[in-house]
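Okay, final.txt is below, compact mmCIF, C-alpha atoms and all ligand atoms:
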```txt
# COMPACT_ATOMS: atom_id res chain seq x y z
CA MET A 36 119.64 144.17 70.35
CA ARG A 37 115.85 144.16 70.16
CA MET A 38 113.49 141.46 71.43
CA TYR A 39 111.30 142.08 68.36
CA ASP A 40 114.09 140.94 66.03
CA ILE A 41 114.77 137.85 68.13
CA ILE A 42 111.10 136.83 67.98
CA GLU A 43 110.99 137.42 64.22
CA LYS A 44 114.16 135.38 63.65
CA LYS A 45 112.86 132.40 65.60
CA ARG A 46 109.41 132.72 64.04
CA ASP A 47 111.04 132.34 60.61
CA GLY A 48 112.93 129.24 61.68
CA HIS A 49 116.46 130.59 62.10
CA PRO A 50 118.69 129.55 65.00
CA LEU A 51 119.41 132.22 67.60
CA THR A 52 122.97 133.10 68.57
CA GLU A 53 124.41 132.75 72.06
CA GLU A 54 124.33 136.56 72.44
CA GLU A 55 120.65 136.70 71.53
CA ILE A 56 119.73 133.94 73.97
CA VAL A 57 121.78 135.47 76.80
CA PHE A 58 120.21 138.89 76.07
CA PHE A 59 116.67 137.52 76.22
CA ILE A 60 117.23 135.52 79.43
CA ASN A 61 119.07 138.30 81.28
CA GLN A 62 116.64 141.03 80.26
CA TYR A 63 113.61 138.90 81.05
CA THR A 64 115.01 137.91 84.48
CA ALA A 65 115.54 141.63 85.18
CA ASP A 66 111.88 142.36 84.20
CA LYS A 67 113.03 144.42 81.21
CA ILE A 68 111.13 142.42 78.59
CA PRO A 69 107.36 142.12 78.92
CA ASP A 70 105.62 138.75 79.26
CA TYR A 71 103.78 139.20 75.94
CA GLN A 72 107.01 139.32 73.94
CA VAL A 73 108.47 136.33 75.77
CA SER A 74 105.20 134.44 75.22
CA ALA A 75 105.55 135.04 71.49
CA LEU A 76 109.13 133.77 71.52
CA LEU A 77 108.15 130.66 73.51
CA MET A 78 105.41 129.89 70.99
CA ALA A 79 107.91 130.35 68.15
CA VAL A 80 110.28 127.91 69.90
CA TYR A 81 107.38 125.51 70.36
CA PHE A 82 106.80 125.41 66.59
CA GLN A 83 110.34 125.92 65.25
CA ASP A 84 112.33 123.93 67.87
CA MET A 85 115.93 124.70 68.80
CA THR A 86 119.24 123.30 67.61
CA ALA A 87 121.48 121.39 70.02
CA GLY A 88 123.65 124.50 70.30
CA GLU A 89 120.72 126.82 71.10
CA ARG A 90 119.50 124.41 73.78
CA ALA A 91 122.92 124.45 75.46
CA TYR A 92 123.10 128.28 75.36
CA LEU A 93 119.59 128.54 76.79
CA THR A 94 120.38 126.09 79.60
CA THR A 95 123.60 127.87 80.54
CA ALA A 96 121.94 131.29 80.47
CA MET A 97 119.16 130.03 82.77
CA ALA A 98 121.64 128.28 85.11
CA GLU A 99 123.57 131.57 85.37
CA SER A 100 120.45 133.68 85.99
CA GLY A 101 120.64 133.27 89.79
CA ASP A 102 122.67 131.58 92.53
CA GLN A 103 125.00 128.79 91.49
CA ILE A 104 126.14 126.32 94.09
CA ASP A 105 129.88 125.89 94.34
CA LEU A 106 130.70 122.33 95.38
CA SER A 107 134.41 122.58 94.61
CA ALA A 108 135.26 122.32 98.33
CA ILE A 109 133.95 118.75 98.27
CA SER A 110 136.59 116.25 97.24
CA GLY A 111 135.80 113.66 94.58
CA THR A 112 133.43 113.64 91.63
CA LYS A 113 130.01 114.86 92.74
CA VAL A 114 127.27 112.88 91.03
CA ASP A 115 123.66 113.99 91.12
CA LYS A 116 120.59 112.01 90.15
CA HIS A 117 117.38 113.50 88.83
CA SER A 118 114.07 111.79 88.23
CA THR A 119 111.44 113.33 85.98
CA GLY A 120 108.95 112.33 88.64
CA GLY A 121 106.46 109.60 89.24
CA VAL A 122 104.29 107.92 91.82
CA GLY A 123 105.91 106.34 94.87
CA ASP A 124 109.38 106.97 93.43
CA THR A 125 111.45 106.13 96.49
CA THR A 126 114.79 105.98 94.64
CA THR A 127 116.49 109.10 96.04
CA LEU A 128 115.96 107.93 99.64
CA VAL A 129 117.72 104.66 98.81
CA LEU A 130 120.35 105.90 96.37
CA ALA A 131 121.75 108.77 98.44
CA PRO A 132 123.02 106.59 101.32
CA LEU A 133 123.66 103.55 99.10
CA VAL A 134 125.97 105.32 96.67
CA ALA A 135 127.60 107.28 99.52
CA SER A 136 128.40 103.96 101.22
CA LEU A 137 130.87 103.36 98.37
CA GLY A 138 132.49 106.76 98.85
CA VAL A 139 130.72 108.70 96.08
CA PRO A 140 129.94 112.16 97.49
CA VAL A 141 126.20 112.91 97.36
CA ALA A 142 125.47 116.62 97.82
CA LYS A 143 121.73 116.66 97.33
CA MET A 144 119.71 119.79 96.94
CA SER A 145 116.06 118.92 97.15
CA GLY A 146 112.65 120.51 97.16
CA ARG A 147 109.21 119.99 98.57
CA GLY A 148 107.08 120.71 95.57
CA LEU A 149 103.60 119.80 94.54
CA GLY A 150 102.62 116.24 93.85
CA HIS A 151 101.00 113.03 94.95
CA THR A 152 103.30 112.82 97.94
CA GLY A 153 105.74 115.34 99.32
CA GLY A 154 109.24 115.78 97.91
CA THR A 155 112.37 114.11 99.25
CA ILE A 156 112.65 116.67 102.06
CA ASP A 157 109.09 116.11 103.25
CA LYS A 158 109.64 112.38 103.26
CA LEU A 159 112.85 112.72 105.26
CA GLU A 160 111.14 115.04 107.73
CA SER A 161 108.90 112.18 108.78
CA VAL A 162 111.97 111.02 110.75
CA PRO A 163 111.54 112.96 114.03
CA GLY A 164 114.06 115.80 114.34
CA PHE A 165 115.45 115.58 110.81
CA HIS A 166 115.93 118.98 109.21
CA THR A 167 117.56 120.47 106.12
CA GLU A 168 117.89 124.07 107.32
CA ILE A 169 121.67 124.03 107.37
CA THR A 170 124.14 126.59 106.07
CA ASN A 171 126.02 125.99 102.83
CA GLU A 172 129.22 125.58 104.87
CA ALA A 173 127.64 122.97 107.16
CA PHE A 174 126.30 121.18 104.09
CA ILE A 175 129.72 120.97 102.46
CA ASP A 176 131.36 119.87 105.74
CA LEU A 177 128.77 117.11 106.13
CA VAL A 178 129.33 115.81 102.61
CA ASN A 179 133.10 115.79 103.16
CA LYS A 180 132.71 113.98 106.48
CA ASN A 181 129.80 111.58 105.80
CA LYS A 182 129.68 111.56 101.98
CA VAL A 183 125.99 112.48 102.02
CA ALA A 184 123.84 115.45 103.03
CA VAL A 185 120.58 117.02 101.88
CA ILE A 186 119.87 120.74 101.86
CA GLY A 187 116.72 122.66 100.90
CA GLN A 188 116.74 124.37 97.54
CA SER A 189 118.11 127.91 97.54
CA GLY A 190 115.41 130.52 96.97
CA ASN A 191 117.26 132.16 94.10
CA LEU A 192 118.18 129.12 92.01
CA THR A 193 117.44 129.68 88.29
CA PRO A 194 115.00 132.61 88.59
CA ALA A 195 114.78 132.70 84.77
CA ASP A 196 113.33 129.18 84.82
CA LYS A 197 110.79 130.14 87.51
CA LYS A 198 109.50 133.05 85.41
CA LEU A 199 109.54 131.10 82.15
CA TYR A 200 107.81 128.09 83.66
CA GLY A 201 105.02 130.27 85.04
CA LEU A 202 104.56 131.82 81.61
CA ARG A 203 104.69 128.49 79.77
CA ASP A 204 102.03 127.16 82.11
CA VAL A 205 99.50 129.77 80.93
CA THR A 206 100.52 129.97 77.24
CA ALA A 207 100.30 126.27 76.29
CA THR A 208 104.08 126.02 75.81
CA VAL A 209 105.03 123.62 78.61
CA ASN A 210 105.12 120.63 76.31
CA SER A 211 108.16 121.53 74.22
CA ILE A 212 111.29 119.35 74.30
CA PRO A 213 113.89 122.18 74.15
CA LEU A 214 112.01 124.09 76.87
CA ILE A 215 111.53 121.09 79.19
CA ALA A 216 115.09 119.85 78.72
CA SER A 217 116.66 123.27 79.35
CA SER A 218 114.39 123.88 82.35
CA ILE A 219 115.39 120.63 84.07
CA MET A 220 119.07 120.79 83.14
CA SER A 221 119.50 124.45 84.16
CA LYS A 222 118.49 123.54 87.73
CA LYS A 223 120.84 120.54 87.82
CA ILE A 224 123.74 122.57 86.46
CA ALA A 225 123.18 125.45 88.88
CA SER A 226 123.18 122.86 91.71
CA GLY A 227 126.84 122.18 91.01
CA ALA A 228 127.27 118.45 90.31
CA ASP A 229 130.09 117.25 88.06
CA ALA A 230 128.06 114.38 86.64
CA ILE A 231 124.35 113.74 86.30
CA VAL A 232 122.33 110.52 86.07
CA LEU A 233 118.81 111.10 84.77
CA ASP A 234 115.90 108.77 85.46
CA VAL A 235 113.38 109.58 82.74
CA LYS A 236 110.07 107.90 83.49
CA THR A 237 107.55 106.71 80.95
CA GLY A 238 103.96 105.47 81.36
CA ALA A 239 100.70 106.61 82.94
CA GLY A 240 102.31 108.17 86.02
CA ALA A 241 105.03 110.01 84.08
CA PHE A 242 105.35 113.46 82.56
CA MET A 243 106.20 111.75 79.25
CA LYS A 244 103.55 109.07 78.87
CA GLU A 245 104.88 107.58 75.61
CA LEU A 246 108.21 105.77 75.37
CA GLU A 247 109.23 107.60 72.18
CA GLU A 248 108.66 111.00 73.82
CA ALA A 249 110.61 109.93 76.91
CA LYS A 250 113.55 108.89 74.71
CA ILE A 251 113.55 112.19 72.83
CA LEU A 252 113.53 114.12 76.11
CA ALA A 253 116.31 111.94 77.53
CA GLU A 254 118.46 112.45 74.44
CA ALA A 255 117.89 116.21 74.60
CA MET A 256 118.97 116.39 78.26
CA VAL A 257 122.00 114.12 77.79
CA SER A 258 123.11 116.26 74.84
CA ILE A 259 122.80 119.47 76.86
CA GLY A 260 124.67 118.04 79.86
CA ASN A 261 127.55 116.78 77.77
CA GLN A 262 127.79 120.02 75.76
CA VAL A 263 128.13 122.08 78.94
CA GLY A 264 130.81 119.82 80.38
CA ARG A 265 128.85 117.67 82.83
CA LYS A 266 129.02 113.95 82.16
CA THR A 267 125.39 113.00 81.73
CA MET A 268 123.51 109.77 81.00
CA ALA A 269 119.86 108.74 81.20
CA VAL A 270 117.93 105.60 82.08
CA ILE A 271 114.38 105.28 80.77
CA SER A 272 112.28 103.45 83.33
CA ASP A 273 108.72 102.31 83.74
CA MET A 274 106.14 104.44 85.54
CA SER A 275 102.99 102.74 84.28
CA GLN A 276 102.43 101.38 87.80
CA PRO A 277 103.85 102.96 91.00
CA LEU A 278 107.47 102.08 91.83
CA GLY A 279 107.90 99.71 94.78
CA ASN A 280 104.92 99.17 97.05
CA ALA A 281 104.69 102.30 99.21
CA ILE A 282 103.21 105.65 98.19
CA GLY A 283 103.32 108.18 101.03
CA ASN A 284 105.93 110.01 103.06
CA ALA A 285 106.66 107.97 106.21
CA LEU A 286 105.60 104.85 104.29
CA GLU A 287 108.30 105.48 101.69
CA ILE A 288 110.90 106.01 104.44
CA LYS A 289 109.97 102.55 105.76
CA GLU A 290 110.26 101.17 102.23
CA ALA A 291 113.69 102.79 101.82
CA ILE A 292 114.84 101.28 105.13
CA ALA A 293 113.73 97.81 104.02
CA THR A 294 115.49 98.29 100.67
CA LEU A 295 118.72 99.45 102.35
CA HIS A 296 118.54 96.23 104.40
CA GLY A 297 118.39 94.29 101.12
CA GLU A 298 114.73 93.44 101.69
CA GLY A 299 113.00 95.94 99.44
CA PRO A 300 110.54 95.42 96.57
CA GLU A 301 112.14 93.87 93.51
CA ASP A 302 111.48 96.74 91.07
CA LEU A 303 112.67 99.49 93.42
CA THR A 304 115.81 97.51 94.28
CA GLU A 305 116.58 96.82 90.62
CA LEU A 306 116.12 100.43 89.55
CA CYS A 307 118.34 101.61 92.42
CA LEU A 308 121.05 99.14 91.39
CA THR A 309 120.81 100.29 87.76
CA LEU A 310 120.95 104.01 88.55
CA GLY A 311 123.41 103.47 91.39
CA SER A 312 125.87 101.55 89.19
CA GLN A 313 125.94 104.45 86.74
CA MET A 314 126.53 106.91 89.60
CA VAL A 315 129.35 104.81 91.06
CA VAL A 316 131.12 104.54 87.69
CA LEU A 317 130.70 108.28 87.00
CA GLY A 318 131.94 108.90 90.56
CA GLU A 319 135.03 106.79 89.75
CA LYS A 320 134.52 104.28 92.55
CA ALA A 321 134.29 101.33 90.14
CA ALA A 322 135.75 100.71 86.68
CA THR A 323 132.77 98.90 85.19
CA LEU A 324 129.00 98.77 85.72
CA GLU A 325 129.26 95.09 86.74
CA GLU A 326 131.84 95.88 89.41
CA ALA A 327 129.72 98.79 90.66
CA ARG A 328 126.59 96.64 90.85
CA ASP A 329 128.41 93.89 92.79
CA LYS A 330 129.71 96.42 95.30
CA LEU A 331 126.28 98.01 95.74
CA LYS A 332 124.62 94.64 96.25
CA GLU A 333 127.25 93.74 98.83
CA ASN A 334 126.53 96.92 100.82
CA LEU A 335 122.80 96.19 100.80
CA THR A 336 123.41 92.92 102.62
CA ASN A 337 126.48 93.61 104.79
CA GLY A 338 124.85 96.50 106.69
CA LYS A 339 127.00 99.29 105.23
CA ALA A 340 124.18 100.96 103.30
CA ILE A 341 121.80 101.04 106.25
CA ASP A 342 124.57 102.25 108.60
CA GLN A 343 125.26 105.07 106.17
CA PHE A 344 121.57 106.01 106.27
CA LYS A 345 121.65 106.09 110.09
CA ARG A 346 124.72 108.34 110.14
CA PHE A 347 123.11 110.63 107.59
CA LEU A 348 119.85 110.96 109.58
CA LYS A 349 121.70 111.56 112.84
CA ALA A 350 124.01 114.19 111.32
CA GLN A 351 120.96 116.26 110.36
CA GLY A 352 119.16 115.90 113.70
CA GLY A 353 117.07 112.86 112.86
CA ASP A 354 116.25 110.09 115.33
CA GLU A 355 118.30 107.18 113.99
CA ALA A 356 116.24 104.80 116.16
CA ALA A 357 113.61 105.03 113.40
CA VAL A 358 115.77 102.72 111.31
CA ASP A 359 115.49 99.82 113.75
CA ASP A 360 112.06 100.71 115.09
CA PRO A 361 109.80 102.18 112.40
CA SER A 362 107.06 102.74 115.01
CA VAL A 363 109.02 105.93 115.79
CA LEU A 364 107.76 107.26 112.42
CA PRO A 365 104.32 108.88 112.10
CA GLN A 366 101.59 106.19 111.99
CA ALA A 367 98.15 106.68 110.51
CA PRO A 368 95.34 105.77 112.95
CA TYR A 369 93.53 103.55 110.41
CA GLN A 370 94.86 100.72 108.26
CA LEU A 371 92.17 99.54 105.86
CA GLU A 372 92.47 96.68 103.37
CA LEU A 373 91.04 96.88 99.84
CA PRO A 374 89.80 93.37 98.94
CA ALA A 375 89.83 92.16 95.32
CA LYS A 376 86.33 91.84 93.85
CA THR A 377 87.34 88.98 91.53
CA SER A 378 90.07 86.35 91.24
CA GLY A 379 92.65 86.54 88.44
CA THR A 380 95.87 88.33 87.56
CA VAL A 381 96.50 92.01 88.20
CA SER A 382 96.91 93.50 84.72
CA ASN A 383 97.02 97.24 85.40
CA ILE A 384 97.63 99.60 88.33
CA VAL A 385 97.34 103.06 86.80
CA ALA A 386 100.13 105.01 88.48
CA ASP A 387 98.73 108.53 88.29
CA ASP A 388 95.30 107.44 89.56
CA VAL A 389 96.87 105.69 92.55
CA GLY A 390 98.85 108.91 93.07
CA THR A 391 95.64 110.91 93.06
CA ALA A 392 94.18 108.54 95.66
CA ALA A 393 97.26 109.11 97.88
CA MET A 394 96.76 112.83 97.45
CA MET A 395 93.07 112.52 98.44
CA LEU A 396 94.27 110.87 101.67
CA GLY A 397 96.42 113.95 102.35
CA ALA A 398 99.88 112.62 101.38
CA GLY A 399 100.64 115.41 98.88
CA ARG A 400 100.19 119.11 98.29
CA ALA A 401 97.55 120.49 95.94
CA THR A 402 98.81 124.06 96.36
CA LYS A 403 102.07 125.48 97.68
CA ASP A 404 100.56 126.17 101.09
CA SER A 405 98.74 122.86 101.72
CA GLU A 406 99.71 120.86 104.78
CA ILE A 407 100.91 117.31 104.26
CA ASP A 408 99.94 114.38 106.47
CA LEU A 409 103.24 112.47 106.64
CA SER A 410 101.60 109.30 108.02
CA VAL A 411 99.03 108.53 105.32
CA GLY A 412 99.33 106.71 102.00
CA ILE A 413 98.97 103.40 100.23
CA VAL A 414 100.92 100.15 100.34
CA LEU A 415 100.37 97.85 97.37
CA ASN A 416 100.16 94.18 98.31
CA LYS A 417 100.00 93.10 94.66
CA LYS A 418 101.69 94.43 91.54
CA VAL A 419 101.04 93.90 87.84
CA GLY A 420 101.55 90.22 86.99
CA ASP A 421 100.66 88.92 90.48
CA SER A 422 97.73 86.53 90.86
CA ILE A 423 95.05 87.26 93.43
CA GLU A 424 91.99 85.53 94.93
CA GLU A 425 88.65 87.23 95.39
CA GLY A 426 88.60 88.83 98.85
CA GLU A 427 92.39 88.92 99.16
CA SER A 428 93.89 92.36 99.91
CA LEU A 429 95.04 94.33 96.85
CA LEU A 430 96.48 97.09 98.97
CA THR A 431 96.45 98.64 102.44
CA ILE A 432 95.22 102.20 102.88
CA HIS A 433 96.82 104.20 105.71
CA ALA A 434 94.26 106.88 106.53
CA SER A 435 93.49 109.55 109.09
CA ASN A 436 89.80 108.57 109.22
CA GLU A 437 87.48 105.79 108.06
CA GLU A 438 85.25 107.85 105.76
CA ILE A 439 87.19 107.18 102.58
CA GLU A 440 84.66 105.67 100.16
CA ASP A 441 85.82 108.11 97.43
CA VAL A 442 89.43 106.95 97.83
CA LYS A 443 88.40 103.28 97.69
CA ASN A 444 86.33 103.89 94.56
CA LYS A 445 89.22 105.73 92.91
CA LEU A 446 91.53 102.81 93.71
CA TYR A 447 89.08 100.19 92.41
CA GLU A 448 88.83 102.19 89.17
CA SER A 449 92.62 102.33 88.82
CA ILE A 450 93.28 98.58 89.21
CA GLU A 451 92.34 95.93 86.65
CA ILE A 452 92.21 92.18 87.22
CA THR A 453 91.89 89.80 84.26
CA GLY A 454 91.45 86.09 83.69
CA GLU A 455 94.33 86.04 81.19
CA PRO A 456 97.95 85.52 82.20
CA THR A 457 99.75 88.90 82.36
CA LYS A 458 103.43 89.61 82.77
CA ALA A 459 105.01 92.35 84.87
CA PRO A 460 105.96 95.31 82.64
CA LYS A 461 109.55 95.86 81.60
CA LEU A 462 111.32 98.04 84.21
CA ILE A 463 114.22 99.51 82.20
CA TYR A 464 113.44 100.43 78.61
CA ASP A 465 116.64 102.06 77.48
CA MET A 466 119.89 103.79 78.43
CA ILE A 467 121.10 106.91 76.70
CA THR A 468 124.72 107.99 76.92
N1 LIG B 501 109.89 119.87 85.01
C1 LIG B 501 110.65 120.98 84.96
O1 LIG B 501 111.40 121.26 85.88
N2 LIG B 501 110.56 121.78 83.89
C2 LIG B 501 109.73 121.52 82.86
O2 LIG B 501 109.70 122.29 81.92
C3 LIG B 501 108.95 120.37 82.93
C4 LIG B 501 109.05 119.55 84.01
CA CA B 502 107.64 103.40 96.45
```
In structure tokens, what does this structure look like?
Ligand code: URA
Ligand code: CA
Amino acid sequence: MRMYDIIEKKRDGHPLTEEEIVFFINQYTADKIPDYQVSALLMAVYFQDMTAGERAYLTTAMAESGDQIDLSAISGTKVDKHSTGGVGDTTTLVLAPLVASLGVPVAKMSGRGLGHTGGTIDKLESVPGFHTEITNEAFIDLVNKNKVAVIGQSGNLTPADKKLYGLRDVTATVNSIPLIASSIMSKKIASGADAIVLDVKTGAGAFMKELEEAKILAEAMVSIGNQVGRKTMAVISDMSQPLGNAIGNALEIKEAIATLHGEGPEDLTELCLTLGSQMVVLGEKAATLEEARDKLKENLTNGKAIDQFKRFLKAQGGDEAAVDDPSVLPQAPYQLELPAKTSGTVSNIVADDVGTAAMMLGAGRATKDSEIDLSVGIVLNKKVGDSIEEGESLLTIHASNEEIEDVKNKLYESIEITGEPTKAPKLIYDMIT
């Protein structure tokens, strides 16, 4: 088999066979095909697209290119959740213990990553003592015992995706549905879950800014998952404004604690109930979505969800006292209010700009080696649709110093107040099964 022929075939719009896709992925992972040939193939895929079958072959070949996590020693149906990413997306911190409190095993492999705030692991590490450096055996034992554990991502998960993503980044081929969908799904499949719930975000703070694009991506990922034998469904949710109120690492832990007590922001709570119900049904702990939702709501108010969170933190070295006394968490030295300049209704809080402001405060990583300040971030006091008086606080900035005029200006630019009545945006746009 020759890479030249594969490029030519795709260039001319013909579907590739499983053998051709496996050949290209394996040879490229082994450094036996040069970047320039793979670049040409990626560009051909960008223009010619891939059939549903090709997408599934590509995903499987990438998933099999490195380590695959074997979760078969965990009893029950393992359900994973994946979000395409957004600003202040606190859902994993809430969903992991919440769904586990109903007996669904949550074996979460998570990363740090670049972004406006840290990843799930960074956020959890704001609880003193909490760590994810545990062996695979310890991880599996913890999930069997407590129903929930989080481990850092294995270094050799989907090496084909790492190489391809780096190449796509410099050849203008990131934005291709078959390539995005196979990239995301290969990592989920290699991580070993039996069923996958996808939270595909749409709006200013999302990877897919337009609803139509988000739907097409969701359908592509659901199709791949189901073709390769993992029950998969997707929820399309709003990311035009940040989710919940908190954007920051320790601040999002506090928000998750409030939500697990049944006292969280309305949008975050609703999205967690929507995604959680799907996970509980896929995990066979409820027969219908209504039953699942009722059970989840019950555990948010009867203390079971928050107790599960405490057990989870303690099992991985974390100080469970943080749950009852959030002053144990890192605190920023300065809390500064941002007063509204006019009265009216909040009509827009541009998610990615607020994310950038959080990053300017030090909440996220610009490069792989940047240090994160776990204490800093932003807490929104108003959301889209809320009315506000001139001088009233729009949001509270948690900062390491007082010299933050640039952050304040960025935040003023990202929030609009109008004299017209404005409604909160829709939270859930669609479900794809
Ligand atoms: N996230 C991924 O993991 N892969 C992509 O291709 C795009 C976003
Ligand atoms: Ca949040």
Go through the chains and note each residue within 6 Å of ligand CA 502 (chain B), using all atoms listed in the file, then give the set as a PyMOL selection string.
chain A and resi 123-125+278-282+287
I need the residues from that last selection saved to file as a PDB file, in the frame of the given file (with C-alpha atoms), if you can.
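In the end it all went to part_25.pdb:
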```pdb
ATOM      1  CA  GLY A 123     105.910 106.340  94.870  1.00  0.00           C
ATOM      2  CA  ASP A 124     109.380 106.970  93.430  1.00  0.00           C
ATOM      3  CA  THR A 125     111.450 106.130  96.490  1.00  0.00           C
ATOM      4  CA  LEU A 278     107.470 102.080  91.830  1.00  0.00           C
ATOM      5  CA  GLY A 279     107.900  99.710  94.780  1.00  0.00           C
ATOM      6  CA  ASN A 280     104.920  99.170  97.050  1.00  0.00           C
ATOM      7  CA  ALA A 281     104.690 102.300  99.210  1.00  0.00           C
ATOM      8  CA  ILE A 282     103.210 105.650  98.190  1.00  0.00           C
ATOM      9  CA  GLU A 287     108.300 105.480 101.690  1.00  0.00           C
TER      10      GLU A 287
END
```
6 Å from ligand LIG 501 (chain B) is the threshold here; counting all atoms listed in the file, which polymer residues fall inside it? Answer as a ChimeraX atom specification.
/A:209,214-215,218-219
Excluding stretch 95-99 of chain A and its own-chain neighbours fewer than 6 positions away, which residues fall within 12 Å of it when counting only C-alpha atoms? Please give them as a ChimeraX atom specification.
/A:53-64,88-89,191-200,214,216-227,259-260,262-265
Between A:Val162, A:Ala327, A:Val414, A:Leu303, single out the one closest to A:Ala285, counting only C-alpha atoms.
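Checking each candidate against A:Ala285, we get A:Val162 as the closest.
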Best match for closeness to A:Asn181 among A:Pro365, A:Gly240, A:Gly153, A:Pro140, counting only C-alpha atoms
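The answer is A:Pro140, which sits nearest to A:Asn181.
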Record the distance separating atom CA of A:Ser107 and atom CA of A:Glu160, expressed in Å with one decimal.
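A separation of 27.8 Å between them.
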Determine, counting all atoms listed in the file, which protein, DNA and RNA residues have an atom within 6 Å of an atom of stretch 266-275 of chain A; residues of the same chain fewer than 2 positions away are not included. Present the result as a list in words.
Ala230, Ile231, Val232, Leu233, Asp234, Val235, Lys236, Thr237, Gly238, Ala239, Gly240, Ala241, Val257, Gly260, Asn261, Ala386, Leu462, Ile463, Tyr464, Asp465, Met466, Ile467 and Thr468 of chain A
Skipping near chain neighbours, those fewer than 2 positions away, what residues fall within 9 Å of stretch 429-439 of chain A using all atoms listed in the file, listed as a VMD selection string?
chain A and resid 280 283 286 366 to 375 393 395 to 397 408 410 to 418 423 426 to 427 441 to 444 450
To one decimal place in Å, what is the distance between atom CA of A:Pro50 and atom CA of A:Glu254?
19.5 Å
If you measure from atom CA of A:Val183 to atom CA of A:Gly297, what distance in Å do you get, rounded to one decimal?
19.7 Å
Give me, as CSV, the closest atom pair and its distance (Å, one decimal) for every residue of stretch 189-296 of chain A within a cut-off of 8 Å of stretch 331-341 of chain A, counting all atoms listed in the file, rows sorted by chain and rising number.
```
residue,atom,partner,partner_atom,distance
A:Ile292,CA,A:Ile341,CA,7.1
A:Thr294,CA,A:Leu335,CA,7.6
A:Leu295,CA,A:Ile341,CA,5.2
A:His296,CA,A:Leu335,CA,5.6
```
Between A:Leu202, A:Leu149, A:Val129, A:Val122, which has the minimum distance to A:Ser74 (counting all atoms listed in the file)?
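Ranked by minimum distance to A:Ser74, first place goes to A:Leu202.
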Taking every listed atom of stretch 285-304 of chain A and adding 4 Å to each side, what centre and edge lengths in Å (one decimal) does the axis-aligned box have, as JSON?
```
{"center_x": 112.2, "center_y": 100.7, "center_z": 98.6, "size_x": 21.1, "size_y": 22.5, "size_z": 23.1}
```
List as a list in words the protein and nucleic acid residues near stretch 455-460 of chain A, meaning an atom at most 9 Å away when only C-alpha atoms are counted, but skip any in the same chain fewer than 5 places from it.
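Here the qualifying residues turn out to be Asp273, Ser275, Gln276, Gly379, Thr380, Val381, Ser382, Lys418, Val419, Gly420, Asp421 and Ser422 of chain A.
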For the residues selected in the previous step, produce a file with C-alpha atoms as a PDB file, in the frame of the given file.
```pdb
ATOM      1  CA  ASP A 273     108.720 102.310  83.740  1.00  0.00           C
ATOM      2  CA  SER A 275     102.990 102.740  84.280  1.00  0.00           C
ATOM      3  CA  GLN A 276     102.430 101.380  87.800  1.00  0.00           C
ATOM      4  CA  GLY A 379      92.650  86.540  88.440  1.00  0.00           C
ATOM      5  CA  THR A 380      95.870  88.330  87.560  1.00  0.00           C
ATOM      6  CA  VAL A 381      96.500  92.010  88.200  1.00  0.00           C
ATOM      7  CA  SER A 382      96.910  93.500  84.720  1.00  0.00           C
ATOM      8  CA  LYS A 418     101.690  94.430  91.540  1.00  0.00           C
ATOM      9  CA  VAL A 419     101.040  93.900  87.840  1.00  0.00           C
ATOM     10  CA  GLY A 420     101.550  90.220  86.990  1.00  0.00           C
ATOM     11  CA  ASP A 421     100.660  88.920  90.480  1.00  0.00           C
ATOM     12  CA  SER A 422      97.730  86.530  90.860  1.00  0.00           C
TER      13      SER A 422
END
```
Provide stretch 176-184 of chain A rebuilt to N, CA and C atoms, formatted as a PDB file, in the frame of the given file.
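Dumped everything to part_18.pdb:
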```pdb
ATOM      1  N   ASP A 176     130.626 120.628 104.715  1.00  0.00           N
ATOM      2  CA  ASP A 176     131.360 119.870 105.740  1.00  0.00           C
ATOM      3  C   ASP A 176     130.770 118.477 105.916  1.00  0.00           C
ATOM      4  N   LEU A 177     129.426 118.413 105.940  1.00  0.00           N
ATOM      5  CA  LEU A 177     128.770 117.110 106.130  1.00  0.00           C
ATOM      6  C   LEU A 177     129.067 116.169 104.966  1.00  0.00           C
ATOM      7  N   VAL A 178     129.046 116.688 103.752  1.00  0.00           N
ATOM      8  CA  VAL A 178     129.330 115.810 102.610  1.00  0.00           C
ATOM      9  C   VAL A 178     130.787 115.330 102.680  1.00  0.00           C
ATOM     10  N   ASN A 179     131.706 116.221 103.051  1.00  0.00           N
ATOM     11  CA  ASN A 179     133.100 115.790 103.160  1.00  0.00           C
ATOM     12  C   ASN A 179     133.276 114.735 104.249  1.00  0.00           C
ATOM     13  N   LYS A 180     132.554 114.887 105.346  1.00  0.00           N
ATOM     14  CA  LYS A 180     132.710 113.980 106.480  1.00  0.00           C
ATOM     15  C   LYS A 180     131.946 112.664 106.273  1.00  0.00           C
ATOM     16  N   ASN A 181     130.678 112.767 105.873  1.00  0.00           N
ATOM     17  CA  ASN A 181     129.800 111.580 105.800  1.00  0.00           C
ATOM     18  C   ASN A 181     129.497 111.114 104.399  1.00  0.00           C
ATOM     19  N   LYS A 182     129.947 111.874 103.387  1.00  0.00           N
ATOM     20  CA  LYS A 182     129.680 111.560 101.980  1.00  0.00           C
ATOM     21  C   LYS A 182     128.245 111.826 101.537  1.00  0.00           C
ATOM     22  N   VAL A 183     127.355 112.194 102.457  1.00  0.00           N
ATOM     23  CA  VAL A 183     125.990 112.480 102.020  1.00  0.00           C
ATOM     24  C   VAL A 183     125.331 113.516 102.927  1.00  0.00           C
ATOM     25  N   ALA A 184     124.651 114.477 102.296  1.00  0.00           N
ATOM     26  CA  ALA A 184     123.840 115.450 103.030  1.00  0.00           C
ATOM     27  C   ALA A 184     122.780 115.982 102.077  1.00  0.00           C
TER      28      ALA A 184
END
```
